[in-house]
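Participant: Just dropping this structure here.
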Amino acid sequence: MQIVKIGNYEVGAGKPLLLMAGPCVLEGYEHSLAIGKAVKEIAQRLGISYVFKASYDKANRSSYKSFRGPGIDEGLAIIAQIKKDLGVPVVSDVHEVCQVEKAAEVLDVLQIPAFLCRQTDLVYAAGQTGRTVNVKKGQFLAPWDMKNVVAKVEESGNKNIMLTERGACFGYNALVTDMRSLPIMRDLGYPVVMDATHSVQIPGGQGTSSGGQSQYVPHMARAAAAVGVDALFLEVHDNPAEALSDGPNMVRLDALESLLRDVIAIDKLVRK
């Protein structure tokens, strides 16, 4: 398996479990920093690597009027400051080719949203930056078909690639996770990530916004650890009920450490 470097961390091929976590979308500098600081402290206590995540723009909202975040210029400035303050790598989504160069100046990981995983120009441009590219498997895509996405990034000359499972469409307004996808995608030669929060999302389930079943996040995370993953992706908030995006599927900050302790224990057992 290819070992992927993110800042001072190494991911894959038996390297320690990586945590990518933070609020769904930036809700201001102070609030986002507070969540990142709390998550970093938990990660340090548990001895795992931590990458701060937050979106500067949620471009795929259910409603035109939904909160999208501060936008690329202000958002990247906030993420850059948080990166400096916390001293950890950072990841965020890129939605268009025109965003990639500017985002790569700040981000350690460029993330390709699931809906855009087949957008050739976007995937190739992200790869050309040399930054790690984390591609979320489309809800509409079989895990074995991610080989074509991997090939597009490789064509750019970049092999710092990670692949993320976040559920597959199961009829209308429902997702289901096929745990086979984790070893199938790992067999493509790159680290795999489990997005345990988006995998319990109910797309468009509240009419003008997505719903979710956050009570099942711990089950998804523990199950993924039992199958075997290289990284865990979680959206975290101190008060999900008041979150401006994806509240119904987020992990409460005060429940994070207990969940991670379970995941780490399972991960260590599986790695033996």
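Numbering starts fresh at 1 for the residues of each chain in the structure tokens, the chains themselves are lettered A, B, ... in the order given, and ligands are numbered from 1 as they appear.
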Fewer than 3 positions away in the same chain doesn't count, so skip those; otherwise give me all residues within 12 Å of A:Val150, counting only C-alpha atoms, as a PDB file with N, CA, C and O atoms, in the first residue's frame.

Facilitator:
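Printed below is selection.pdb as written:
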```pdb
ATOM      1  N   ILE A 112     -12.276  15.916  -2.410  1.00  0.00           N
ATOM      2  CA  ILE A 112     -13.229  15.929  -3.512  1.00  0.00           C
ATOM      3  C   ILE A 112     -14.556  15.394  -2.994  1.00  0.00           C
ATOM      4  O   ILE A 112     -14.640  14.232  -2.575  1.00  0.00           O
ATOM      5  N   CYS A 117     -16.909  13.222  -7.548  1.00  0.00           N
ATOM      6  CA  CYS A 117     -15.767  12.310  -7.660  1.00  0.00           C
ATOM      7  C   CYS A 117     -15.474  11.889  -9.093  1.00  0.00           C
ATOM      8  O   CYS A 117     -14.375  11.399  -9.387  1.00  0.00           O
ATOM      9  N   ARG A 118     -16.421  12.063 -10.013  1.00  0.00           N
ATOM     10  CA  ARG A 118     -16.190  11.720 -11.415  1.00  0.00           C
ATOM     11  C   ARG A 118     -15.856  12.926 -12.285  1.00  0.00           C
ATOM     12  O   ARG A 118     -15.720  12.807 -13.506  1.00  0.00           O
ATOM     13  N   THR A 120     -13.645  14.886 -13.963  1.00  0.00           N
ATOM     14  CA  THR A 120     -12.259  14.639 -14.376  1.00  0.00           C
ATOM     15  C   THR A 120     -11.355  15.848 -14.177  1.00  0.00           C
ATOM     16  O   THR A 120     -10.253  15.735 -13.617  1.00  0.00           O
ATOM     17  N   VAL A 123     -10.694  16.526 -10.365  1.00  0.00           N
ATOM     18  CA  VAL A 123      -9.844  15.503  -9.745  1.00  0.00           C
ATOM     19  C   VAL A 123      -8.399  15.640 -10.233  1.00  0.00           C
ATOM     20  O   VAL A 123      -7.448  15.584  -9.438  1.00  0.00           O
ATOM     21  N   TYR A 124      -8.225  15.861 -11.530  1.00  0.00           N
ATOM     22  CA  TYR A 124      -6.881  15.986 -12.103  1.00  0.00           C
ATOM     23  C   TYR A 124      -6.181  17.248 -11.596  1.00  0.00           C
ATOM     24  O   TYR A 124      -4.992  17.210 -11.244  1.00  0.00           O
ATOM     25  N   ALA A 126      -6.712  18.820  -8.782  1.00  0.00           N
ATOM     26  CA  ALA A 126      -6.338  18.607  -7.372  1.00  0.00           C
ATOM     27  C   ALA A 126      -5.055  17.791  -7.291  1.00  0.00           C
ATOM     28  O   ALA A 126      -4.158  18.089  -6.497  1.00  0.00           O
ATOM     29  N   GLY A 127      -4.953  16.768  -8.123  1.00  0.00           N
ATOM     30  CA  GLY A 127      -3.750  15.947  -8.128  1.00  0.00           C
ATOM     31  C   GLY A 127      -2.517  16.721  -8.535  1.00  0.00           C
ATOM     32  O   GLY A 127      -1.424  16.512  -7.987  1.00  0.00           O
ATOM     33  N   VAL A 133      -4.820  14.142  -1.912  1.00  0.00           N
ATOM     34  CA  VAL A 133      -6.180  14.253  -2.431  1.00  0.00           C
ATOM     35  C   VAL A 133      -7.029  13.161  -1.793  1.00  0.00           C
ATOM     36  O   VAL A 133      -6.744  11.967  -1.958  1.00  0.00           O
ATOM     37  N   ASN A 134      -8.044  13.571  -1.043  1.00  0.00           N
ATOM     38  CA  ASN A 134      -8.978  12.625  -0.440  1.00  0.00           C
ATOM     39  C   ASN A 134     -10.267  12.653  -1.251  1.00  0.00           C
ATOM     40  O   ASN A 134     -10.979  13.653  -1.262  1.00  0.00           O
ATOM     41  N   VAL A 135     -10.557  11.548  -1.930  1.00  0.00           N
ATOM     42  CA  VAL A 135     -11.745  11.480  -2.782  1.00  0.00           C
ATOM     43  C   VAL A 135     -12.826  10.680  -2.065  1.00  0.00           C
ATOM     44  O   VAL A 135     -12.608   9.516  -1.690  1.00  0.00           O
ATOM     45  N   LYS A 136     -13.971  11.302  -1.884  1.00  0.00           N
ATOM     46  CA  LYS A 136     -15.108  10.590  -1.301  1.00  0.00           C
ATOM     47  C   LYS A 136     -15.828   9.809  -2.397  1.00  0.00           C
ATOM     48  O   LYS A 136     -16.155  10.366  -3.446  1.00  0.00           O
ATOM     49  N   LYS A 137     -16.054   8.535  -2.146  1.00  0.00           N
ATOM     50  CA  LYS A 137     -16.752   7.696  -3.118  1.00  0.00           C
ATOM     51  C   LYS A 137     -18.177   8.191  -3.302  1.00  0.00           C
ATOM     52  O   LYS A 137     -18.901   8.389  -2.338  1.00  0.00           O
ATOM     53  N   PRO A 143     -17.671   0.517  -5.248  1.00  0.00           N
ATOM     54  CA  PRO A 143     -16.305   0.724  -4.742  1.00  0.00           C
ATOM     55  C   PRO A 143     -15.235   0.309  -5.744  1.00  0.00           C
ATOM     56  O   PRO A 143     -14.183   0.947  -5.815  1.00  0.00           O
ATOM     57  N   TRP A 144     -15.494  -0.735  -6.530  1.00  0.00           N
ATOM     58  CA  TRP A 144     -14.484  -1.160  -7.503  1.00  0.00           C
ATOM     59  C   TRP A 144     -14.312  -0.158  -8.647  1.00  0.00           C
ATOM     60  O   TRP A 144     -13.283  -0.137  -9.298  1.00  0.00           O
ATOM     61  N   ASP A 145     -15.317   0.685  -8.855  1.00  0.00           N
ATOM     62  CA  ASP A 145     -15.197   1.699  -9.900  1.00  0.00           C
ATOM     63  C   ASP A 145     -14.346   2.892  -9.470  1.00  0.00           C
ATOM     64  O   ASP A 145     -14.028   3.753 -10.307  1.00  0.00           O
ATOM     65  N   MET A 146     -13.952   2.938  -8.216  1.00  0.00           N
ATOM     66  CA  MET A 146     -13.059   3.999  -7.778  1.00  0.00           C
ATOM     67  C   MET A 146     -11.671   3.857  -8.383  1.00  0.00           C
ATOM     68  O   MET A 146     -10.861   4.771  -8.317  1.00  0.00           O
ATOM     69  N   LYS A 147     -11.397   2.707  -8.996  1.00  0.00           N
ATOM     70  CA  LYS A 147     -10.105   2.541  -9.677  1.00  0.00           C
ATOM     71  C   LYS A 147      -9.935   3.583 -10.773  1.00  0.00           C
ATOM     72  O   LYS A 147      -8.812   4.044 -11.044  1.00  0.00           O
ATOM     73  N   VAL A 153      -6.148  10.689 -10.744  1.00  0.00           N
ATOM     74  CA  VAL A 153      -5.198  11.390  -9.880  1.00  0.00           C
ATOM     75  C   VAL A 153      -3.778  10.958 -10.201  1.00  0.00           C
ATOM     76  O   VAL A 153      -2.863  11.787 -10.283  1.00  0.00           O
ATOM     77  N   GLU A 154      -3.588   9.664 -10.399  1.00  0.00           N
ATOM     78  CA  GLU A 154      -2.251   9.158 -10.740  1.00  0.00           C
ATOM     79  C   GLU A 154      -1.737   9.772 -12.038  1.00  0.00           C
ATOM     80  O   GLU A 154      -0.532  10.042 -12.166  1.00  0.00           O
ATOM     81  N   GLU A 155      -2.631  10.007 -12.996  1.00  0.00           N
ATOM     82  CA  GLU A 155      -2.234  10.610 -14.278  1.00  0.00           C
ATOM     83  C   GLU A 155      -1.642  12.009 -14.090  1.00  0.00           C
ATOM     84  O   GLU A 155      -0.859  12.484 -14.905  1.00  0.00           O
ATOM     85  N   SER A 156      -2.009  12.656 -12.975  1.00  0.00           N
ATOM     86  CA  SER A 156      -1.472  13.985 -12.686  1.00  0.00           C
ATOM     87  C   SER A 156      -0.063  13.912 -12.110  1.00  0.00           C
ATOM     88  O   SER A 156       0.583  14.947 -11.900  1.00  0.00           O
ATOM     89  N   GLY A 157       0.388  12.688 -11.826  1.00  0.00           N
ATOM     90  CA  GLY A 157       1.708  12.502 -11.236  1.00  0.00           C
ATOM     91  C   GLY A 157       1.701  12.456  -9.724  1.00  0.00           C
ATOM     92  O   GLY A 157       2.759  12.468  -9.092  1.00  0.00           O
ATOM     93  N   ASN A 158       0.522  12.362  -9.135  1.00  0.00           N
ATOM     94  CA  ASN A 158       0.372  12.414  -7.679  1.00  0.00           C
ATOM     95  C   ASN A 158      -0.110  11.061  -7.164  1.00  0.00           C
ATOM     96  O   ASN A 158      -1.106  10.525  -7.655  1.00  0.00           O
ATOM     97  N   LYS A 159       0.584  10.525  -6.173  1.00  0.00           N
ATOM     98  CA  LYS A 159       0.160   9.273  -5.556  1.00  0.00           C
ATOM     99  C   LYS A 159      -0.176   9.445  -4.079  1.00  0.00           C
ATOM    100  O   LYS A 159      -0.284   8.460  -3.345  1.00  0.00           O
ATOM    101  N   ASN A 160      -0.336  10.689  -3.661  1.00  0.00           N
ATOM    102  CA  ASN A 160      -0.819  10.951  -2.302  1.00  0.00           C
ATOM    103  C   ASN A 160      -2.347  10.979  -2.345  1.00  0.00           C
ATOM    104  O   ASN A 160      -2.969  12.031  -2.447  1.00  0.00           O
ATOM    105  N   ILE A 161      -2.935   9.791  -2.290  1.00  0.00           N
ATOM    106  CA  ILE A 161      -4.368   9.620  -2.504  1.00  0.00           C
ATOM    107  C   ILE A 161      -4.981   8.866  -1.324  1.00  0.00           C
ATOM    108  O   ILE A 161      -4.396   7.907  -0.814  1.00  0.00           O
ATOM    109  N   MET A 162      -6.162   9.304  -0.911  1.00  0.00           N
ATOM    110  CA  MET A 162      -6.964   8.558   0.053  1.00  0.00           C
ATOM    111  C   MET A 162      -8.380   8.433  -0.512  1.00  0.00           C
ATOM    112  O   MET A 162      -8.849   9.314  -1.232  1.00  0.00           O
ATOM    113  N   LEU A 163      -9.059   7.349  -0.153  1.00  0.00           N
ATOM    114  CA  LEU A 163     -10.411   7.086  -0.636  1.00  0.00           C
ATOM    115  C   LEU A 163     -11.348   6.940   0.554  1.00  0.00           C
ATOM    116  O   LEU A 163     -11.041   6.221   1.507  1.00  0.00           O
ATOM    117  N   THR A 164     -12.492   7.608   0.480  1.00  0.00           N
ATOM    118  CA  THR A 164     -13.402   7.661   1.618  1.00  0.00           C
ATOM    119  C   THR A 164     -14.748   7.025   1.303  1.00  0.00           C
ATOM    120  O   THR A 164     -15.371   7.332   0.287  1.00  0.00           O
ATOM    121  N   MET A 185     -11.697  -0.973  -1.755  1.00  0.00           N
ATOM    122  CA  MET A 185     -10.965   0.241  -2.116  1.00  0.00           C
ATOM    123  C   MET A 185      -9.525   0.189  -1.614  1.00  0.00           C
ATOM    124  O   MET A 185      -8.615   0.688  -2.283  1.00  0.00           O
ATOM    125  N   ARG A 186      -9.315  -0.428  -0.485  1.00  0.00           N
ATOM    126  CA  ARG A 186      -7.939  -0.541   0.013  1.00  0.00           C
ATOM    127  C   ARG A 186      -7.080  -1.370  -0.926  1.00  0.00           C
ATOM    128  O   ARG A 186      -5.873  -1.123  -1.080  1.00  0.00           O
ATOM    129  N   ASP A 187      -7.696  -2.359  -1.582  1.00  0.00           N
ATOM    130  CA  ASP A 187      -6.964  -3.193  -2.537  1.00  0.00           C
ATOM    131  C   ASP A 187      -6.514  -2.411  -3.768  1.00  0.00           C
ATOM    132  O   ASP A 187      -5.722  -2.906  -4.558  1.00  0.00           O
ATOM    133  N   LEU A 188      -7.018  -1.185  -3.925  1.00  0.00           N
ATOM    134  CA  LEU A 188      -6.553  -0.331  -5.021  1.00  0.00           C
ATOM    135  C   LEU A 188      -5.187   0.272  -4.705  1.00  0.00           C
ATOM    136  O   LEU A 188      -4.587   0.950  -5.546  1.00  0.00           O
ATOM    137  N   GLY A 189      -4.724   0.046  -3.463  1.00  0.00           N
ATOM    138  CA  GLY A 189      -3.350   0.420  -3.118  1.00  0.00           C
ATOM    139  C   GLY A 189      -3.187   1.690  -2.319  1.00  0.00           C
ATOM    140  O   GLY A 189      -2.062   2.162  -2.134  1.00  0.00           O
ATOM    141  N   TYR A 190      -4.300   2.241  -1.816  1.00  0.00           N
ATOM    142  CA  TYR A 190      -4.229   3.503  -1.097  1.00  0.00           C
ATOM    143  C   TYR A 190      -5.017   3.430   0.215  1.00  0.00           C
ATOM    144  O   TYR A 190      -5.923   2.600   0.360  1.00  0.00           O
ATOM    145  N   PRO A 191      -4.681   4.304   1.184  1.00  0.00           N
ATOM    146  CA  PRO A 191      -5.397   4.299   2.460  1.00  0.00           C
ATOM    147  C   PRO A 191      -6.887   4.582   2.286  1.00  0.00           C
ATOM    148  O   PRO A 191      -7.287   5.344   1.395  1.00  0.00           O
TER     149      PRO A 191
END
```

Participant: Between A:Val109, A:Val263, A:Ala224, A:Ala54, which has the minimum distance to A:Lys5 (counting only C-alpha atoms)?

Facilitator: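 Closest to A:Lys5 of all the choices is A:Val109.
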
Participant: Run DSSP on the backbone and grab whatever in stretch 9-252 of chain A lands in strand (DSSP E); send it over as a VMD selection string.

Facilitator: chain A and resid 9 to 11 18 to 22 49 to 53 90 to 93 109 to 112 132 to 136 161 to 165 168 to 169 175 to 176 192 to 195 201 to 202 211 to 212 231 to 237 251 to 252

Participant: Restricting the calculation to only C-alpha atoms: of A:Lys15, A:Arg271, A:His237, A:His95, which residue gets closest to A:Pro113?

Facilitator: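 Residue with the minimum atom-to-atom distance to A:Pro113: A:His95.
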
Participant: Name the residues in contact with A:Phe67 at a cut-off of 12 Å, using only C-alpha atoms, excluding same-chain residues fewer than 3 positions from it; report them as a PDB file with N, CA, C and O atoms, in the first residue's frame.

Facilitator:
```pdb
ATOM      1  N   CYS A  24     -18.918  20.813  10.368  1.00  0.00           N
ATOM      2  CA  CYS A  24     -19.247  20.643   8.955  1.00  0.00           C
ATOM      3  C   CYS A  24     -18.802  21.851   8.159  1.00  0.00           C
ATOM      4  O   CYS A  24     -18.125  21.713   7.136  1.00  0.00           O
ATOM      5  N   VAL A  25     -19.172  23.025   8.618  1.00  0.00           N
ATOM      6  CA  VAL A  25     -18.875  24.263   7.913  1.00  0.00           C
ATOM      7  C   VAL A  25     -18.337  25.284   8.915  1.00  0.00           C
ATOM      8  O   VAL A  25     -18.681  25.241  10.102  1.00  0.00           O
ATOM      9  N   LEU A  26     -17.485  26.166   8.473  1.00  0.00           N
ATOM     10  CA  LEU A  26     -16.968  27.216   9.344  1.00  0.00           C
ATOM     11  C   LEU A  26     -18.116  28.101   9.832  1.00  0.00           C
ATOM     12  O   LEU A  26     -18.862  28.655   9.027  1.00  0.00           O
ATOM     13  N   GLU A  27     -18.235  28.231  11.133  1.00  0.00           N
ATOM     14  CA  GLU A  27     -19.248  29.104  11.735  1.00  0.00           C
ATOM     15  C   GLU A  27     -18.545  30.238  12.475  1.00  0.00           C
ATOM     16  O   GLU A  27     -18.859  30.554  13.613  1.00  0.00           O
ATOM     17  N   SER A  55     -15.576  23.074   6.149  1.00  0.00           N
ATOM     18  CA  SER A  55     -15.796  23.578   4.792  1.00  0.00           C
ATOM     19  C   SER A  55     -15.882  25.096   4.795  1.00  0.00           C
ATOM     20  O   SER A  55     -16.513  25.682   5.669  1.00  0.00           O
ATOM     21  N   TYR A  56     -15.235  25.717   3.819  1.00  0.00           N
ATOM     22  CA  TYR A  56     -15.371  27.171   3.661  1.00  0.00           C
ATOM     23  C   TYR A  56     -16.593  27.510   2.812  1.00  0.00           C
ATOM     24  O   TYR A  56     -17.106  28.628   2.843  1.00  0.00           O
ATOM     25  N   ASP A  57     -17.071  26.492   2.055  1.00  0.00           N
ATOM     26  CA  ASP A  57     -18.268  26.693   1.236  1.00  0.00           C
ATOM     27  C   ASP A  57     -18.952  25.350   1.037  1.00  0.00           C
ATOM     28  O   ASP A  57     -18.359  24.419   0.495  1.00  0.00           O
ATOM     29  N   LYS A  58     -20.187  25.248   1.487  1.00  0.00           N
ATOM     30  CA  LYS A  58     -20.992  24.048   1.240  1.00  0.00           C
ATOM     31  C   LYS A  58     -21.811  24.296  -0.023  1.00  0.00           C
ATOM     32  O   LYS A  58     -22.913  24.845   0.016  1.00  0.00           O
ATOM     33  N   ALA A  59     -21.250  23.895  -1.137  1.00  0.00           N
ATOM     34  CA  ALA A  59     -21.842  24.252  -2.428  1.00  0.00           C
ATOM     35  C   ALA A  59     -22.987  23.336  -2.846  1.00  0.00           C
ATOM     36  O   ALA A  59     -23.658  23.607  -3.840  1.00  0.00           O
ATOM     37  N   ASN A  60     -23.215  22.252  -2.110  1.00  0.00           N
ATOM     38  CA  ASN A  60     -24.235  21.285  -2.527  1.00  0.00           C
ATOM     39  C   ASN A  60     -25.390  21.197  -1.523  1.00  0.00           C
ATOM     40  O   ASN A  60     -25.869  20.115  -1.206  1.00  0.00           O
ATOM     41  N   ARG A  61     -25.828  22.353  -1.038  1.00  0.00           N
ATOM     42  CA  ARG A  61     -26.921  22.374  -0.083  1.00  0.00           C
ATOM     43  C   ARG A  61     -28.260  22.060  -0.744  1.00  0.00           C
ATOM     44  O   ARG A  61     -28.440  22.255  -1.953  1.00  0.00           O
ATOM     45  N   SER A  62     -29.223  21.601   0.064  1.00  0.00           N
ATOM     46  CA  SER A  62     -30.549  21.256  -0.462  1.00  0.00           C
ATOM     47  C   SER A  62     -31.292  22.488  -0.965  1.00  0.00           C
ATOM     48  O   SER A  62     -32.009  22.438  -1.956  1.00  0.00           O
ATOM     49  N   SER A  63     -31.126  23.607  -0.253  1.00  0.00           N
ATOM     50  CA  SER A  63     -31.853  24.830  -0.585  1.00  0.00           C
ATOM     51  C   SER A  63     -30.884  25.951  -0.948  1.00  0.00           C
ATOM     52  O   SER A  63     -29.790  26.055  -0.381  1.00  0.00           O
ATOM     53  N   TYR A  64     -31.302  26.798  -1.867  1.00  0.00           N
ATOM     54  CA  TYR A  64     -30.492  27.952  -2.244  1.00  0.00           C
ATOM     55  C   TYR A  64     -30.262  28.871  -1.049  1.00  0.00           C
ATOM     56  O   TYR A  64     -29.239  29.552  -0.971  1.00  0.00           O
ATOM     57  N   PRO A  70     -18.448  31.024   4.903  1.00  0.00           N
ATOM     58  CA  PRO A  70     -17.926  32.359   4.596  1.00  0.00           C
ATOM     59  C   PRO A  70     -17.412  32.534   3.171  1.00  0.00           C
ATOM     60  O   PRO A  70     -17.091  33.648   2.765  1.00  0.00           O
ATOM     61  N   GLY A  71     -17.279  31.456   2.402  1.00  0.00           N
ATOM     62  CA  GLY A  71     -16.735  31.560   1.061  1.00  0.00           C
ATOM     63  C   GLY A  71     -15.234  31.306   1.036  1.00  0.00           C
ATOM     64  O   GLY A  71     -14.575  31.235   2.073  1.00  0.00           O
ATOM     65  N   THR A 208     -36.176  20.864   2.795  1.00  0.00           N
ATOM     66  CA  THR A 208     -35.220  21.844   2.289  1.00  0.00           C
ATOM     67  C   THR A 208     -33.839  21.675   2.925  1.00  0.00           C
ATOM     68  O   THR A 208     -32.960  22.512   2.736  1.00  0.00           O
ATOM     69  N   SER A 209     -33.659  20.616   3.674  1.00  0.00           N
ATOM     70  CA  SER A 209     -32.354  20.310   4.253  1.00  0.00           C
ATOM     71  C   SER A 209     -32.255  18.806   4.486  1.00  0.00           C
ATOM     72  O   SER A 209     -33.269  18.094   4.485  1.00  0.00           O
ATOM     73  N   ALA A 243     -26.315  23.648  14.964  1.00  0.00           N
ATOM     74  CA  ALA A 243     -25.344  23.721  13.870  1.00  0.00           C
ATOM     75  C   ALA A 243     -25.999  24.265  12.611  1.00  0.00           C
ATOM     76  O   ALA A 243     -27.178  24.018  12.341  1.00  0.00           O
ATOM     77  N   LEU A 244     -25.225  24.994  11.821  1.00  0.00           N
ATOM     78  CA  LEU A 244     -25.758  25.622  10.619  1.00  0.00           C
ATOM     79  C   LEU A 244     -25.741  24.695   9.403  1.00  0.00           C
ATOM     80  O   LEU A 244     -26.248  25.052   8.343  1.00  0.00           O
ATOM     81  N   SER A 245     -25.177  23.513   9.557  1.00  0.00           N
ATOM     82  CA  SER A 245     -25.158  22.528   8.480  1.00  0.00           C
ATOM     83  C   SER A 245     -24.904  21.144   9.060  1.00  0.00           C
ATOM     84  O   SER A 245     -24.041  20.972   9.923  1.00  0.00           O
ATOM     85  N   ASP A 246     -25.669  20.163   8.604  1.00  0.00           N
ATOM     86  CA  ASP A 246     -25.465  18.749   8.937  1.00  0.00           C
ATOM     87  C   ASP A 246     -25.611  18.410  10.414  1.00  0.00           C
ATOM     88  O   ASP A 246     -25.096  17.380  10.868  1.00  0.00           O
TER      89      ASP A 246
END
```

Participant: Provide the atom CA of A:Ala125 to atom CA of A:Leu107 distance in Å, to one decimal place.

Facilitator: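 Atom CA of A:Leu107 lies 14.3 Å from atom CA of A:Ala125.
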
Participant: Give me the residues near A:Asp121 as a list in words, where near means some atom within 10 Å (using only C-alpha atoms) and where sequence neighbours in that chain fewer than 6 positions away do not count.

Facilitator: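 Here the answer would be Glu96, Val97, Gly127 and Lys152 of chain A.
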
Participant: For N, CA, C and O atoms, I'd like the residues from the last selection saved as a PDB file, in the first residue's frame.

Facilitator:
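Below is the file part26.pdb, written as the result:
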```
ATOM      1  N   GLU A  96     -14.656  23.409  -7.513  1.00  0.00           N
ATOM      2  CA  GLU A  96     -14.421  23.830  -8.885  1.00  0.00           C
ATOM      3  C   GLU A  96     -12.928  23.921  -9.146  1.00  0.00           C
ATOM      4  O   GLU A  96     -12.140  24.167  -8.228  1.00  0.00           O
ATOM      5  N   VAL A  97     -12.558  23.749 -10.410  1.00  0.00           N
ATOM      6  CA  VAL A  97     -11.142  23.818 -10.778  1.00  0.00           C
ATOM      7  C   VAL A  97     -10.543  25.169 -10.387  1.00  0.00           C
ATOM      8  O   VAL A  97      -9.398  25.252  -9.936  1.00  0.00           O
ATOM      9  N   GLY A 127      -4.953  16.768  -8.123  1.00  0.00           N
ATOM     10  CA  GLY A 127      -3.750  15.947  -8.128  1.00  0.00           C
ATOM     11  C   GLY A 127      -2.517  16.721  -8.535  1.00  0.00           C
ATOM     12  O   GLY A 127      -1.424  16.512  -7.987  1.00  0.00           O
ATOM     13  N   LYS A 152      -7.163   8.752 -12.501  1.00  0.00           N
ATOM     14  CA  LYS A 152      -7.143  10.164 -12.900  1.00  0.00           C
ATOM     15  C   LYS A 152      -6.160  10.964 -12.051  1.00  0.00           C
ATOM     16  O   LYS A 152      -5.433  11.823 -12.563  1.00  0.00           O
TER      17      LYS A 152
END
```

Participant: Considering only C-alpha atoms, state which residue in the set A:Leu141, A:Met194, A:Val11, A:Leu110 is at the smallest distance from A:Ala168.

Facilitator: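 The answer is A:Leu141, which sits nearest to A:Ala168.
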
Participant: Taking only C-alpha atoms into account, which of A:Ala34, A:Ile264, A:Leu86, A:Cys98 comes nearest A:Leu17?

Facilitator: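 Looking only at the distances to A:Leu17, the closest residue turns out to be A:Ile264.
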
Participant: Running DSSP on the backbone, which parts of stretch 70-260 of chain A land in alpha helix (DSSP H), as a VMD selection string?

Facilitator: chain A and resid 72 to 86 97 to 104 120 to 128 146 to 155 181 to 186 217 to 227 253 to 260

Participant: Please indicate the distance in Å from atom CA of A:Gly212 to atom CA of A:Val200, rounded to one decimal place.

Facilitator: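 Going from atom CA of A:Gly212 over to atom CA of A:Val200 covers 5.7 Å.
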
Participant: Excluding A:Phe52 and any residue of its chain fewer than 6 positions from it, enumerate the residues within 7 Å of it, using only C-alpha atoms, and give them as a list in words.

Facilitator: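 Contacts, in chain order: Met20, Ala21, Gly22, Gly36, Val88, Pro89, Val90 and Val91 of chain A.
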